[in-house]
Structure formats: C-alpha cells, structure tokens
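Containing CSV, C-alpha atoms: data.csv.
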chain,number,residue,atom,x,y,z
A,1,MET,CA,-16.7,-1.6,-8.3
A,2,ILE,CA,-15.4,0.6,-11.2
A,3,ASP,CA,-18.1,2.4,-13.1
A,4,PHE,CA,-17.9,1.6,-16.9
A,5,GLN,CA,-20.2,4.3,-18.1
A,6,ASP,CA,-21.1,3.8,-21.7
A,7,ILE,CA,-19.0,0.8,-22.8
A,8,PRO,CA,-21.0,-0.8,-25.6
A,9,GLU,CA,-22.5,-4.3,-25.7
A,10,HIS,CA,-19.4,-6.0,-24.5
A,11,LYS,CA,-19.6,-4.6,-21.0
A,12,ALA,CA,-19.7,-8.0,-19.4
A,13,ASN,CA,-16.5,-8.9,-21.2
A,14,VAL,CA,-14.8,-5.7,-20.0
A,15,LEU,CA,-15.8,-6.4,-16.4
A,16,GLU,CA,-14.3,-9.9,-16.7
A,17,VAL,CA,-11.0,-8.4,-17.9
A,18,VAL,CA,-11.1,-5.9,-15.1
A,19,ALA,CA,-11.6,-8.6,-12.6
A,20,LYS,CA,-8.6,-10.6,-13.9
A,21,LEU,CA,-6.4,-7.5,-13.9
A,22,THR,CA,-7.5,-6.5,-10.5
A,23,ALA,CA,-6.7,-10.0,-9.1
A,24,LYS,CA,-3.2,-9.7,-10.6
A,25,TYR,CA,-2.3,-6.0,-10.1
A,26,GLY,CA,-4.7,-4.7,-7.5
A,27,GLU,CA,-7.2,-1.8,-7.7
A,28,PRO,CA,-6.6,0.4,-10.7
A,29,SER,CA,-6.1,4.1,-10.9
A,30,CYS,CA,-9.2,5.5,-12.6
A,31,GLY,CA,-9.5,8.6,-14.7
A,32,ARG,CA,-12.6,9.9,-16.5
A,33,ASN,CA,-12.2,7.6,-19.4
A,34,ARG,CA,-9.9,4.7,-18.5
A,35,ALA,CA,-8.9,2.4,-15.6
A,36,THR,CA,-5.1,1.9,-15.4
A,37,PHE,CA,-3.5,-1.2,-13.9
A,38,ILE,CA,0.2,-0.9,-12.9
A,39,GLY,CA,2.5,-3.8,-13.4
A,40,LYS,CA,6.2,-4.1,-12.9
A,41,ASN,CA,7.3,-3.0,-16.4
A,42,PHE,CA,4.0,-2.1,-18.1
A,43,VAL,CA,0.6,-0.5,-17.5
A,44,PHE,CA,-2.7,-1.8,-18.8
A,45,LYS,CA,-5.3,0.8,-19.7
A,46,VAL,CA,-8.9,-0.4,-20.0
A,47,ALA,CA,-11.5,1.9,-21.5
A,48,ARG,CA,-14.4,3.0,-19.3
A,49,ASN,CA,-16.3,4.6,-22.1
A,50,GLY,CA,-16.2,5.5,-25.8
A,51,HIS,CA,-13.7,8.3,-25.2
A,52,GLY,CA,-11.4,5.8,-23.4
A,53,GLU,CA,-11.6,3.5,-26.4
A,54,ILE,CA,-10.5,6.4,-28.7
A,55,ASP,CA,-7.7,7.3,-26.3
A,56,ASN,CA,-6.4,3.8,-26.2
A,57,TRP,CA,-6.5,3.5,-30.0
A,58,TYR,CA,-4.6,6.8,-30.3
A,59,GLU,CA,-1.9,6.0,-27.7
A,60,GLY,CA,-1.4,2.6,-29.2
A,61,ARG,CA,-0.6,3.9,-32.6
A,62,VAL,CA,1.2,7.2,-32.2
A,63,LYS,CA,5.0,6.8,-32.1
A,64,SER,CA,7.3,9.5,-30.9
A,65,GLU,CA,10.4,9.9,-28.7
A,66,GLU,CA,8.4,12.0,-26.3
A,67,TYR,CA,5.6,9.4,-25.8
A,68,CYS,CA,5.6,6.0,-24.0
A,69,LYS,CA,5.5,3.0,-26.3
A,70,GLY,CA,2.2,1.3,-26.4
A,71,ARG,CA,0.2,-1.3,-28.3
A,72,ILE,CA,-3.2,-2.7,-28.3
A,73,ILE,CA,-3.7,-6.3,-27.2
A,74,LYS,CA,-6.8,-8.4,-27.1
A,75,MET,CA,-7.9,-9.9,-23.8
A,76,GLY,CA,-10.8,-12.1,-24.9
A,77,GLU,CA,-13.0,-9.7,-26.8
A,78,VAL,CA,-11.6,-6.6,-25.1
A,79,SER,CA,-9.0,-4.3,-26.6
A,80,VAL,CA,-6.5,-3.2,-23.9
A,81,LEU,CA,-3.7,-0.7,-24.2
A,82,VAL,CA,-0.4,-2.0,-22.9
A,83,GLN,CA,2.1,0.8,-22.4
A,84,GLU,CA,5.7,1.0,-21.1
A,85,LYS,CA,5.9,2.0,-17.5
A,86,VAL,CA,7.7,5.2,-16.5
A,87,LYS,CA,8.5,6.8,-13.2
A,88,PRO,CA,6.6,10.1,-12.8
A,89,TYR,CA,8.8,13.1,-12.7
A,90,PHE,CA,7.7,14.2,-9.2
A,91,GLU,CA,8.8,10.8,-7.8
A,92,CYS,CA,12.3,11.7,-9.1
A,93,GLY,CA,12.5,14.9,-7.1
A,94,LEU,CA,11.8,17.3,-10.0
A,95,THR,CA,9.4,20.1,-10.0
A,96,TYR,CA,7.2,21.2,-12.9
A,97,LYS,CA,9.4,24.2,-13.5
A,98,GLN,CA,12.4,21.9,-14.2
A,99,LEU,CA,10.6,20.2,-17.1
A,100,PRO,CA,11.1,21.1,-20.8
A,101,SER,CA,8.6,23.3,-22.5
A,102,TRP,CA,7.0,20.5,-24.5
A,103,VAL,CA,5.5,19.2,-21.3
A,104,ASP,CA,3.2,22.3,-21.2
A,105,PHE,CA,1.2,20.5,-24.0
A,106,ILE,CA,0.7,17.3,-21.9
A,107,ASP,CA,-2.5,17.3,-19.8
A,108,CYS,CA,-1.5,17.7,-16.1
A,109,ALA,CA,2.2,17.2,-17.0
A,110,GLN,CA,1.6,13.4,-17.0
A,111,VAL,CA,5.3,12.6,-17.8
A,112,GLY,CA,8.0,10.4,-16.4
A,113,PHE,CA,11.3,8.7,-17.0
A,114,ASP,CA,11.7,5.4,-18.7
A,115,LYS,CA,14.4,2.8,-17.8
A,116,LYS,CA,17.0,4.7,-19.8
A,117,GLY,CA,16.2,8.1,-18.2
A,118,VAL,CA,14.3,9.5,-21.1
A,119,LEU,CA,11.4,11.8,-20.3
A,120,LYS,CA,8.2,10.6,-21.9
A,121,ALA,CA,4.5,11.4,-21.7
A,122,TYR,CA,2.3,8.6,-20.4
A,123,ASP,CA,-1.1,10.1,-21.0
A,124,PHE,CA,-1.2,12.0,-24.3
A,125,ALA,CA,-4.5,11.2,-25.8
A,126,CYS,CA,-7.1,13.7,-26.9
A,127,ASN,CA,-9.9,13.2,-24.4
Take the structure in the file and give it back as structure tokens.
Amino acid sequence: MIDFQDIPEHKANVLEVVAKLTAKYGEPSCGRNRATFIGKNFVFKVARNGHGEIDNWYEGRVKSEEYCKGRIIKMGEVSVLVQEKVKPYFECGLTYKQLPSWVDFIDCAQVGFDKKGVLKAYDFACN
C-alpha cells in the first residue's frame, strides 16, 4: 500500500481515490510527494503529503509552451492533477546532452515529447 504521509483529515477519501485509480490504471509510480497513475493520454497525480498538494496546485495553474498542460479535477473530495501524457526523451533514443539548455532547470530532466513532437517538462513543481 502506498504511504500517504501527512495528508490531512481527508486521508480516507484519498485512499478511496487511489484504490479506484489503481483498479483502472495499475500500480502508480511514486515520488516523494505524489503518486502518478499513467493512462493512455493523461496522467493523474495524487498528492501523498502537503508538498504534493502544493505541487499539484502549481502544475495545474502554470501555463507555458515548455510545460505539460494540466488541470485540477475533483474526485469526490480529493483534488487530483490531470496532465497531458508525454513520452520521456530517453524512450525516444535521445541522451541528456542532446536536450536544450532549459532542461537543466527541470529536476532530473523530467521532460518528454507530446503528440505533436514538442518537448515539455512533466514534473516542474517546486518541491
């Protein structure tokens, strides 16, 4: 079971959403602050703690050509970030050295290509 460290009083609601997403998309990839479920065209990011909630809020609101499009949706009482899915650069046969310099500012070069072949960051939050 995924550890949801310091999610506030709605922890039971979060676990219910996680169970639904796991049933549909399988086990998530988990970072320090969020659990990410990968669908066909979108990813769903569920906060694991307060930092994850801030990260979701930020990624759902910041708009830029270099960032994946995202928005916050409500699943019951839980806010979930839905973000466009991209193909990570390393799955496209590229090396880090072949990426543009702006990628240096993205944690762990978490970037990939969208359906139109545009390189975008998929994890660009602060935490």
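Straight-line separation from CA of Ile106 (chain A) to CA of Asn41 (chain A): 22.0 Å.
The residue that comes closest to Cys108 (chain A), out of A:Pro88, A:Tyr58, A:Leu94, A:Val82 and on the basis of all atoms listed in the file, is A:Pro88.
For the pair CA of Val78 (chain A) and CA of Val14 (chain A), the interatomic distance is 6.1 Å.
Of the residues under consideration (A:Lys120, A:Ala12, A:Val46, A:Gly26), A:Lys120 shows the shortest atom-to-atom contact distance to Lys63 (chain A) when counting all atoms listed in the file.
Reported to one decimal place, the separation of CA of Val86 (chain A) from CA of Ala109 (chain A) is 13.2 Å.
Comparing the minimum interatomic distances between Glu84 (chain A) and each of A:Asp104, A:Glu66, A:Glu59, A:Asp114, counting only C-alpha atoms, we find that A:Asp114 sits nearest.
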*Neighbours of region 31-33 of chain A within 9 Å (all atoms listed in the file; same-chain residues fewer than 2 positions away dropped), as a list in words?*
Phe4, Gln5, Ser29, Ala35, Thr36, Val46, Ala47, Arg48, Asn49, Gly50, His51, Gly52, Glu53, Asp55 and Asn127 of chain A
*For Lys74 (chain A), the nearest of the candidates A:Glu27, A:Asp107, A:Val118, A:Lys45, counting only C-alpha atoms*: A:Lys45
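Using all atoms listed in the file, the protein and nucleic acid residues lying no more than 12 Å from Met75 (chain A), apart from those fewer than 5 places from it along its own chain, are Asn13, Val14, Leu15, Glu16, Val17, Val18, Ala19, Lys20, Leu21, Phe44, Lys45, Val46, Val80, Leu81 and Val82 of chain A.
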*asked:* Is it possible to get the residues within 12 Å of (12.1, 8.7, -15.3) (coordinates as in the file, counting all atoms listed in the file) written as a VMD selection string?
replied: chain A and resid 68 84 to 94 99 110 to 122
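Proximity to Ile38 (chain A) was assessed for A:Cys126, A:Ile54, A:Glu65, A:Tyr25 counting all atoms listed in the file; the smallest distance is recorded for A:Tyr25.
Among the candidates A:Ala23, A:Glu77, A:Phe42, A:Gln83, the one nearest to Val62 (chain A) when counting only C-alpha atoms is A:Gln83.
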How would region 33-68 of chain A look with N, CA and C atoms restored, written as a PDB file, in the coordinates of the input?
ATOM      1  N   ASN A  33     -11.883   8.425 -18.305  1.00  0.00           N
ATOM      2  CA  ASN A  33     -12.200   7.600 -19.400  1.00  0.00           C
ATOM      3  C   ASN A  33     -11.526   6.171 -19.390  1.00  0.00           C
ATOM      4  N   ARG A  34     -10.564   5.969 -18.483  1.00  0.00           N
ATOM      5  CA  ARG A  34      -9.900   4.700 -18.500  1.00  0.00           C
ATOM      6  C   ARG A  34      -9.510   4.270 -17.040  1.00  0.00           C
ATOM      7  N   ALA A  35      -9.397   2.969 -16.870  1.00  0.00           N
ATOM      8  CA  ALA A  35      -8.900   2.400 -15.600  1.00  0.00           C
ATOM      9  C   ALA A  35      -7.483   1.875 -15.962  1.00  0.00           C
ATOM     10  N   THR A  36      -6.492   2.218 -15.131  1.00  0.00           N
ATOM     11  CA  THR A  36      -5.100   1.900 -15.400  1.00  0.00           C
ATOM     12  C   THR A  36      -4.575   0.944 -14.316  1.00  0.00           C
ATOM     13  N   PHE A  37      -4.085  -0.202 -14.748  1.00  0.00           N
ATOM     14  CA  PHE A  37      -3.500  -1.200 -13.900  1.00  0.00           C
ATOM     15  C   PHE A  37      -1.981  -1.108 -14.007  1.00  0.00           C
ATOM     16  N   ILE A  38      -1.271  -1.075 -12.896  1.00  0.00           N
ATOM     17  CA  ILE A  38       0.200  -0.900 -12.900  1.00  0.00           C
ATOM     18  C   ILE A  38       0.908  -2.147 -12.599  1.00  0.00           C
ATOM     19  N   GLY A  39       1.660  -2.637 -13.580  1.00  0.00           N
ATOM     20  CA  GLY A  39       2.500  -3.800 -13.400  1.00  0.00           C
ATOM     21  C   GLY A  39       3.932  -3.402 -13.145  1.00  0.00           C
ATOM     22  N   LYS A  40       4.833  -4.362 -13.153  1.00  0.00           N
ATOM     23  CA  LYS A  40       6.200  -4.100 -12.900  1.00  0.00           C
ATOM     24  C   LYS A  40       6.891  -3.272 -13.996  1.00  0.00           C
ATOM     25  N   ASN A  41       6.664  -3.639 -15.241  1.00  0.00           N
ATOM     26  CA  ASN A  41       7.300  -3.000 -16.400  1.00  0.00           C
ATOM     27  C   ASN A  41       6.291  -2.303 -17.328  1.00  0.00           C
ATOM     28  N   PHE A  42       5.015  -2.617 -17.160  1.00  0.00           N
ATOM     29  CA  PHE A  42       4.000  -2.100 -18.100  1.00  0.00           C
ATOM     30  C   PHE A  42       2.776  -1.655 -17.316  1.00  0.00           C
ATOM     31  N   VAL A  43       1.960  -0.836 -17.982  1.00  0.00           N
ATOM     32  CA  VAL A  43       0.600  -0.500 -17.500  1.00  0.00           C
ATOM     33  C   VAL A  43      -0.385  -0.970 -18.471  1.00  0.00           C
ATOM     34  N   PHE A  44      -1.560  -1.260 -17.984  1.00  0.00           N
ATOM     35  CA  PHE A  44      -2.700  -1.800 -18.800  1.00  0.00           C
ATOM     36  C   PHE A  44      -3.809  -0.776 -18.647  1.00  0.00           C
ATOM     37  N   LYS A  45      -4.248  -0.209 -19.767  1.00  0.00           N
ATOM     38  CA  LYS A  45      -5.300   0.800 -19.700  1.00  0.00           C
ATOM     39  C   LYS A  45      -6.570   0.180 -20.376  1.00  0.00           C
ATOM     40  N   VAL A  46      -7.646   0.139 -19.579  1.00  0.00           N
ATOM     41  CA  VAL A  46      -8.900  -0.400 -20.000  1.00  0.00           C
ATOM     42  C   VAL A  46      -9.913   0.753 -20.145  1.00  0.00           C
ATOM     43  N   ALA A  47     -10.539   0.857 -21.305  1.00  0.00           N
ATOM     44  CA  ALA A  47     -11.500   1.900 -21.500  1.00  0.00           C
ATOM     45  C   ALA A  47     -12.711   1.795 -20.634  1.00  0.00           C
ATOM     46  N   ARG A  48     -13.156   2.931 -20.093  1.00  0.00           N
ATOM     47  CA  ARG A  48     -14.400   3.000 -19.300  1.00  0.00           C
ATOM     48  C   ARG A  48     -15.559   3.483 -20.074  1.00  0.00           C
ATOM     49  N   ASN A  49     -15.280   4.047 -21.235  1.00  0.00           N
ATOM     50  CA  ASN A  49     -16.300   4.600 -22.100  1.00  0.00           C
ATOM     51  C   ASN A  49     -15.780   4.758 -23.500  1.00  0.00           C
ATOM     52  N   GLY A  50     -16.580   5.309 -24.390  1.00  0.00           N
ATOM     53  CA  GLY A  50     -16.200   5.500 -25.800  1.00  0.00           C
ATOM     54  C   GLY A  50     -14.938   6.377 -25.924  1.00  0.00           C
ATOM     55  N   HIS A  51     -14.842   7.414 -25.104  1.00  0.00           N
ATOM     56  CA  HIS A  51     -13.700   8.300 -25.200  1.00  0.00           C
ATOM     57  C   HIS A  51     -12.402   7.510 -24.787  1.00  0.00           C
ATOM     58  N   GLY A  52     -12.519   6.616 -23.819  1.00  0.00           N
ATOM     59  CA  GLY A  52     -11.400   5.800 -23.400  1.00  0.00           C
ATOM     60  C   GLY A  52     -10.939   4.861 -24.543  1.00  0.00           C
ATOM     61  N   GLU A  53     -11.892   4.346 -25.290  1.00  0.00           N
ATOM     62  CA  GLU A  53     -11.600   3.500 -26.400  1.00  0.00           C
ATOM     63  C   GLU A  53     -10.775   4.272 -27.479  1.00  0.00           C
ATOM     64  N   ILE A  54     -11.204   5.512 -27.742  1.00  0.00           N
ATOM     65  CA  ILE A  54     -10.500   6.400 -28.700  1.00  0.00           C
ATOM     66  C   ILE A  54      -9.098   6.691 -28.171  1.00  0.00           C
ATOM     67  N   ASP A  55      -8.998   7.023 -26.895  1.00  0.00           N
ATOM     68  CA  ASP A  55      -7.700   7.300 -26.300  1.00  0.00           C
ATOM     69  C   ASP A  55      -6.745   6.145 -26.398  1.00  0.00           C
ATOM     70  N   ASN A  56      -7.238   4.956 -26.097  1.00  0.00           N
ATOM     71  CA  ASN A  56      -6.400   3.800 -26.200  1.00  0.00           C
ATOM     72  C   ASN A  56      -5.934   3.553 -27.640  1.00  0.00           C
ATOM     73  N   TRP A  57      -6.843   3.687 -28.569  1.00  0.00           N
ATOM     74  CA  TRP A  57      -6.500   3.500 -30.000  1.00  0.00           C
ATOM     75  C   TRP A  57      -5.388   4.503 -30.363  1.00  0.00           C
ATOM     76  N   TYR A  58      -5.544   5.771 -29.971  1.00  0.00           N
ATOM     77  CA  TYR A  58      -4.600   6.800 -30.300  1.00  0.00           C
ATOM     78  C   TYR A  58      -3.200   6.499 -29.673  1.00  0.00           C
ATOM     79  N   GLU A  59      -3.175   6.249 -28.377  1.00  0.00           N
ATOM     80  CA  GLU A  59      -1.900   6.000 -27.700  1.00  0.00           C
ATOM     81  C   GLU A  59      -1.233   4.720 -28.145  1.00  0.00           C
ATOM     82  N   GLY A  60      -1.999   3.795 -28.660  1.00  0.00           N
ATOM     83  CA  GLY A  60      -1.400   2.600 -29.200  1.00  0.00           C
ATOM     84  C   GLY A  60      -0.803   2.685 -30.540  1.00  0.00           C
ATOM     85  N   ARG A  61      -1.099   3.767 -31.224  1.00  0.00           N
ATOM     86  CA  ARG A  61      -0.600   3.900 -32.600  1.00  0.00           C
ATOM     87  C   ARG A  61       0.366   5.043 -32.823  1.00  0.00           C
ATOM     88  N   VAL A  62       0.293   6.086 -32.013  1.00  0.00           N
ATOM     89  CA  VAL A  62       1.200   7.200 -32.200  1.00  0.00           C
ATOM     90  C   VAL A  62       2.578   6.850 -31.689  1.00  0.00           C
ATOM     91  N   LYS A  63       3.578   7.119 -32.508  1.00  0.00           N
ATOM     92  CA  LYS A  63       5.000   6.800 -32.100  1.00  0.00           C
ATOM     93  C   LYS A  63       5.772   8.097 -32.131  1.00  0.00           C
ATOM     94  N   SER A  64       6.509   8.312 -31.037  1.00  0.00           N
ATOM     95  CA  SER A  64       7.300   9.500 -30.900  1.00  0.00           C
ATOM     96  C   SER A  64       8.309   9.286 -29.751  1.00  0.00           C
ATOM     97  N   GLU A  65       9.446   9.953 -29.808  1.00  0.00           N
ATOM     98  CA  GLU A  65      10.400   9.900 -28.700  1.00  0.00           C
ATOM     99  C   GLU A  65       9.857  10.381 -27.407  1.00  0.00           C
ATOM    100  N   GLU A  66       8.917  11.326 -27.492  1.00  0.00           N
ATOM    101  CA  GLU A  66       8.400  12.000 -26.300  1.00  0.00           C
ATOM    102  C   GLU A  66       7.198  11.177 -25.672  1.00  0.00           C
ATOM    103  N   TYR A  67       6.752  10.106 -26.322  1.00  0.00           N
ATOM    104  CA  TYR A  67       5.600   9.400 -25.800  1.00  0.00           C
ATOM    105  C   TYR A  67       5.984   7.941 -25.442  1.00  0.00           C
ATOM    106  N   CYS A  68       5.342   7.426 -24.408  1.00  0.00           N
ATOM    107  CA  CYS A  68       5.600   6.000 -24.000  1.00  0.00           C
ATOM    108  C   CYS A  68       5.134   5.113 -25.157  1.00  0.00           C
TER     109      CYS A  68
END
